[in-house]
Amino acid sequence: RMDAPFADILVFTRDWGFRVADVTVPVRWWHGDCDHIIPYAHGEHMVSLLPDAKMFTMHGESHLGALGMSVDIITELMAVWDQPR
């Protein structure tokens, strides 16, 4: 729907109430290298700010490319979930 991009603008322009570097839980980030809405470099930048992050590149995909990778994503998240903190 058309209200989603406007909601994104509001989120992007407001303070989130925390700094990305303060996120200490494990983060796994899947990002397409052909995304014309959210550049790949932005994903790389965000992952570099997170203390415990790992980036997975979806070659030839946009930000919707992960829809076909659900089994791989769930497998990775379950592995992180089972790790001792």
# chains A, B, ... in the order shown; residues from 1 in each chain; ligands from 1

$ residues_around --residues "range 67-69 of chain A" --least-positions-apart "2" --cutoff "12 Å" --atoms "only C-alpha atoms" --output "ChimeraX atom specification"
/A:30-32,56-58,61-65,71-76

$ residues_around --residues "Leu50 in chain A" --least-positions-apart "6" --cutoff "8 Å" --atoms "only C-alpha atoms" --output "PyMOL selection string"
chain A and resi 20-24+27

$ write_last_selection --atoms "all heavy atoms" --output "JSON list (two decimals), in the first residue's frame"
[["chain", "number", "residue", "atom", "x", "y", "z"],
["A", 20, "VAL", "N", 22.44, 2.32, 17.36],
["A", 20, "VAL", "CA", 22.63, 1.00, 16.75],
["A", 20, "VAL", "C", 23.78, 0.26, 17.44],
["A", 20, "VAL", "O", 23.68, -0.94, 17.71],
["A", 20, "VAL", "CB", 22.87, 1.12, 15.23],
["A", 20, "VAL", "CG1", 23.21, -0.22, 14.61],
["A", 20, "VAL", "CG2", 21.65, 1.73, 14.55],
["A", 21, "ALA", "N", 24.83, 0.95, 17.77],
["A", 21, "ALA", "CA", 25.99, 0.32, 18.41],
["A", 21, "ALA", "C", 25.66, -0.24, 19.79],
["A", 21, "ALA", "O", 26.41, -1.06, 20.32],
["A", 21, "ALA", "CB", 27.14, 1.32, 18.51],
["A", 22, "ASP", "N", 24.55, 0.18, 20.38],
["A", 22, "ASP", "CA", 24.14, -0.31, 21.69],
["A", 22, "ASP", "C", 23.39, -1.63, 21.63],
["A", 22, "ASP", "O", 23.09, -2.23, 22.66],
["A", 22, "ASP", "CB", 23.27, 0.73, 22.41],
["A", 22, "ASP", "CG", 24.03, 2.01, 22.72],
["A", 22, "ASP", "OD1", 25.27, 1.96, 22.83],
["A", 22, "ASP", "OD2", 23.37, 3.06, 22.83],
["A", 23, "VAL", "N", 23.08, -2.11, 20.44],
["A", 23, "VAL", "CA", 22.37, -3.38, 20.28],
["A", 23, "VAL", "C", 23.39, -4.50, 20.48],
["A", 23, "VAL", "O", 24.28, -4.69, 19.66],
["A", 23, "VAL", "CB", 21.70, -3.49, 18.89],
["A", 23, "VAL", "CG1", 21.07, -4.85, 18.70],
["A", 23, "VAL", "CG2", 20.69, -2.37, 18.70],
["A", 24, "THR", "N", 23.26, -5.23, 21.57],
["A", 24, "THR", "CA", 24.27, -6.24, 21.90],
["A", 24, "THR", "C", 23.85, -7.67, 21.59],
["A", 24, "THR", "O", 24.67, -8.57, 21.67],
["A", 24, "THR", "CB", 24.65, -6.14, 23.40],
["A", 24, "THR", "OG1", 23.48, -6.34, 24.18],
["A", 24, "THR", "CG2", 25.28, -4.80, 23.71],
["A", 27, "VAL", "N", 22.86, -10.23, 15.73],
["A", 27, "VAL", "CA", 22.03, -9.78, 14.61],
["A", 27, "VAL", "C", 22.51, -10.48, 13.36],
["A", 27, "VAL", "O", 23.71, -10.57, 13.10],
["A", 27, "VAL", "CB", 22.13, -8.24, 14.43],
["A", 27, "VAL", "CG1", 21.40, -7.79, 13.18],
["A", 27, "VAL", "CG2", 21.61, -7.52, 15.66]]

$ residues_around --residues "Pro26 in chain A" --least-positions-apart "5" --cutoff "8 Å" --atoms "only C-alpha atoms" --output "VMD selection string"
chain A and resid 52 to 53 80

$ select_by_dssp --residues "range 8-79 of chain A" --states "alpha helix (DSSP H)" --output "JSON, numbers by chain"
{"A": [8, 9, 10, 11, 12, 13, 40, 41, 42, 43, 44, 45, 46, 47, 48, 49, 70, 71, 72, 73, 74, 75, 76, 77, 78, 79]}

$ closest_residue --among "A:Arg1, A:Arg28, A:Arg14, A:Arg19" --to "Trp81 in chain A" --atoms "only C-alpha atoms"
A:Arg28

$ select_by_dssp --residues "chain A" --states "strand (DSSP E or B)" --output "list in words"
Val27, Arg28, Trp29, Trp30, His31, Gly32, Ala53, Lys54, Met55, Phe56, Thr57 and Met58 of chain A

$ atom_distance --atom1 "CA of Pro51 in chain A" --atom2 "CA of Trp29 in chain A"
12.7 Å

$ closest_residue --among "A:Met2, A:Ala7, A:Val25, A:Asp15" --to "Lys54 in chain A" --atoms "only C-alpha atoms"
A:Val25

$ residues_around --residues "Asp33 in chain A" --least-positions-apart "3" --cutoff "6 Å" --atoms "only C-alpha atoms" --output "compact mmCIF listing (two decimals) with N, CA and C atoms, in the first residue's frame"
# COMPACT_ATOMS: atom_id res chain seq x y z
N TYR A 40 22.97 -1.63 -0.99
CA TYR A 40 23.78 -2.65 -0.34
C TYR A 40 24.78 -2.01 0.63
N HIS A 59 22.90 -12.50 -3.61
CA HIS A 59 23.39 -12.06 -4.91
C HIS A 59 22.25 -11.98 -5.92
N GLY A 60 22.19 -10.85 -6.60
CA GLY A 60 21.19 -10.64 -7.64
C GLY A 60 19.79 -10.37 -7.12

$ atom_distance --atom1 "CA of Gln83 in chain A" --atom2 "CA of Gly17 in chain A"
27.9 Å

$ decode --residues "range 56-72 of chain A" --atoms "N, CA and C atoms" --output "JSON list (two decimals), in the first residue's frame"
[["chain", "number", "residue", "atom", "x", "y", "z"],
["A", 56, "PHE", "N", 24.68, -11.51, 5.39],
["A", 56, "PHE", "CA", 24.54, -12.51, 4.34],
["A", 56, "PHE", "C", 24.12, -11.79, 3.07],
["A", 57, "THR", "N", 24.90, -11.93, 2.03],
["A", 57, "THR", "CA", 24.58, -11.28, 0.76],
["A", 57, "THR", "C", 23.69, -12.18, -0.08],
["A", 58, "MET", "N", 22.62, -11.59, -0.57],
["A", 58, "MET", "CA", 21.72, -12.29, -1.49],
["A", 58, "MET", "C", 22.05, -11.77, -2.89],
["A", 59, "HIS", "N", 22.90, -12.50, -3.61],
["A", 59, "HIS", "CA", 23.39, -12.06, -4.91],
["A", 59, "HIS", "C", 22.25, -11.98, -5.92],
["A", 60, "GLY", "N", 22.19, -10.85, -6.60],
["A", 60, "GLY", "CA", 21.19, -10.64, -7.64],
["A", 60, "GLY", "C", 19.79, -10.37, -7.12],
["A", 61, "GLU", "N", 19.65, -10.11, -5.82],
["A", 61, "GLU", "CA", 18.33, -9.94, -5.22],
["A", 61, "GLU", "C", 18.13, -8.52, -4.69],
["A", 62, "SER", "N", 16.87, -8.19, -4.47],
["A", 62, "SER", "CA", 16.51, -6.94, -3.80],
["A", 62, "SER", "C", 16.24, -7.24, -2.34],
["A", 63, "HIS", "N", 15.58, -6.32, -1.65],
["A", 63, "HIS", "CA", 15.28, -6.55, -0.24],
["A", 63, "HIS", "C", 14.17, -7.58, -0.04],
["A", 64, "LEU", "N", 13.51, -7.99, -1.09],
["A", 64, "LEU", "CA", 12.48, -9.02, -0.99],
["A", 64, "LEU", "C", 13.04, -10.41, -1.33],
["A", 65, "GLY", "N", 14.31, -10.49, -1.66],
["A", 65, "GLY", "CA", 14.92, -11.75, -2.07],
["A", 65, "GLY", "C", 14.92, -12.82, -1.00],
["A", 66, "ALA", "N", 14.80, -12.42, 0.25],
["A", 66, "ALA", "CA", 14.84, -13.39, 1.34],
["A", 66, "ALA", "C", 13.58, -14.25, 1.43],
["A", 67, "LEU", "N", 12.55, -13.88, 0.71],
["A", 67, "LEU", "CA", 11.31, -14.65, 0.77],
["A", 67, "LEU", "C", 11.52, -16.10, 0.37],
["A", 68, "GLY", "N", 12.44, -16.36, -0.53],
["A", 68, "GLY", "CA", 12.71, -17.73, -0.96],
["A", 68, "GLY", "C", 13.78, -18.42, -0.15],
["A", 69, "MET", "N", 14.28, -17.76, 0.89],
["A", 69, "MET", "CA", 15.37, -18.31, 1.70],
["A", 69, "MET", "C", 14.93, -18.63, 3.12],
["A", 70, "SER", "N", 13.66, -18.81, 3.34],
["A", 70, "SER", "CA", 13.15, -18.94, 4.71],
["A", 70, "SER", "C", 13.79, -20.09, 5.48],
["A", 71, "VAL", "N", 14.02, -21.23, 4.85],
["A", 71, "VAL", "CA", 14.62, -22.36, 5.56],
["A", 71, "VAL", "C", 16.04, -22.02, 6.00],
["A", 72, "ASP", "N", 16.82, -21.41, 5.11],
["A", 72, "ASP", "CA", 18.19, -21.02, 5.47],
["A", 72, "ASP", "C", 18.19, -19.99, 6.60]]
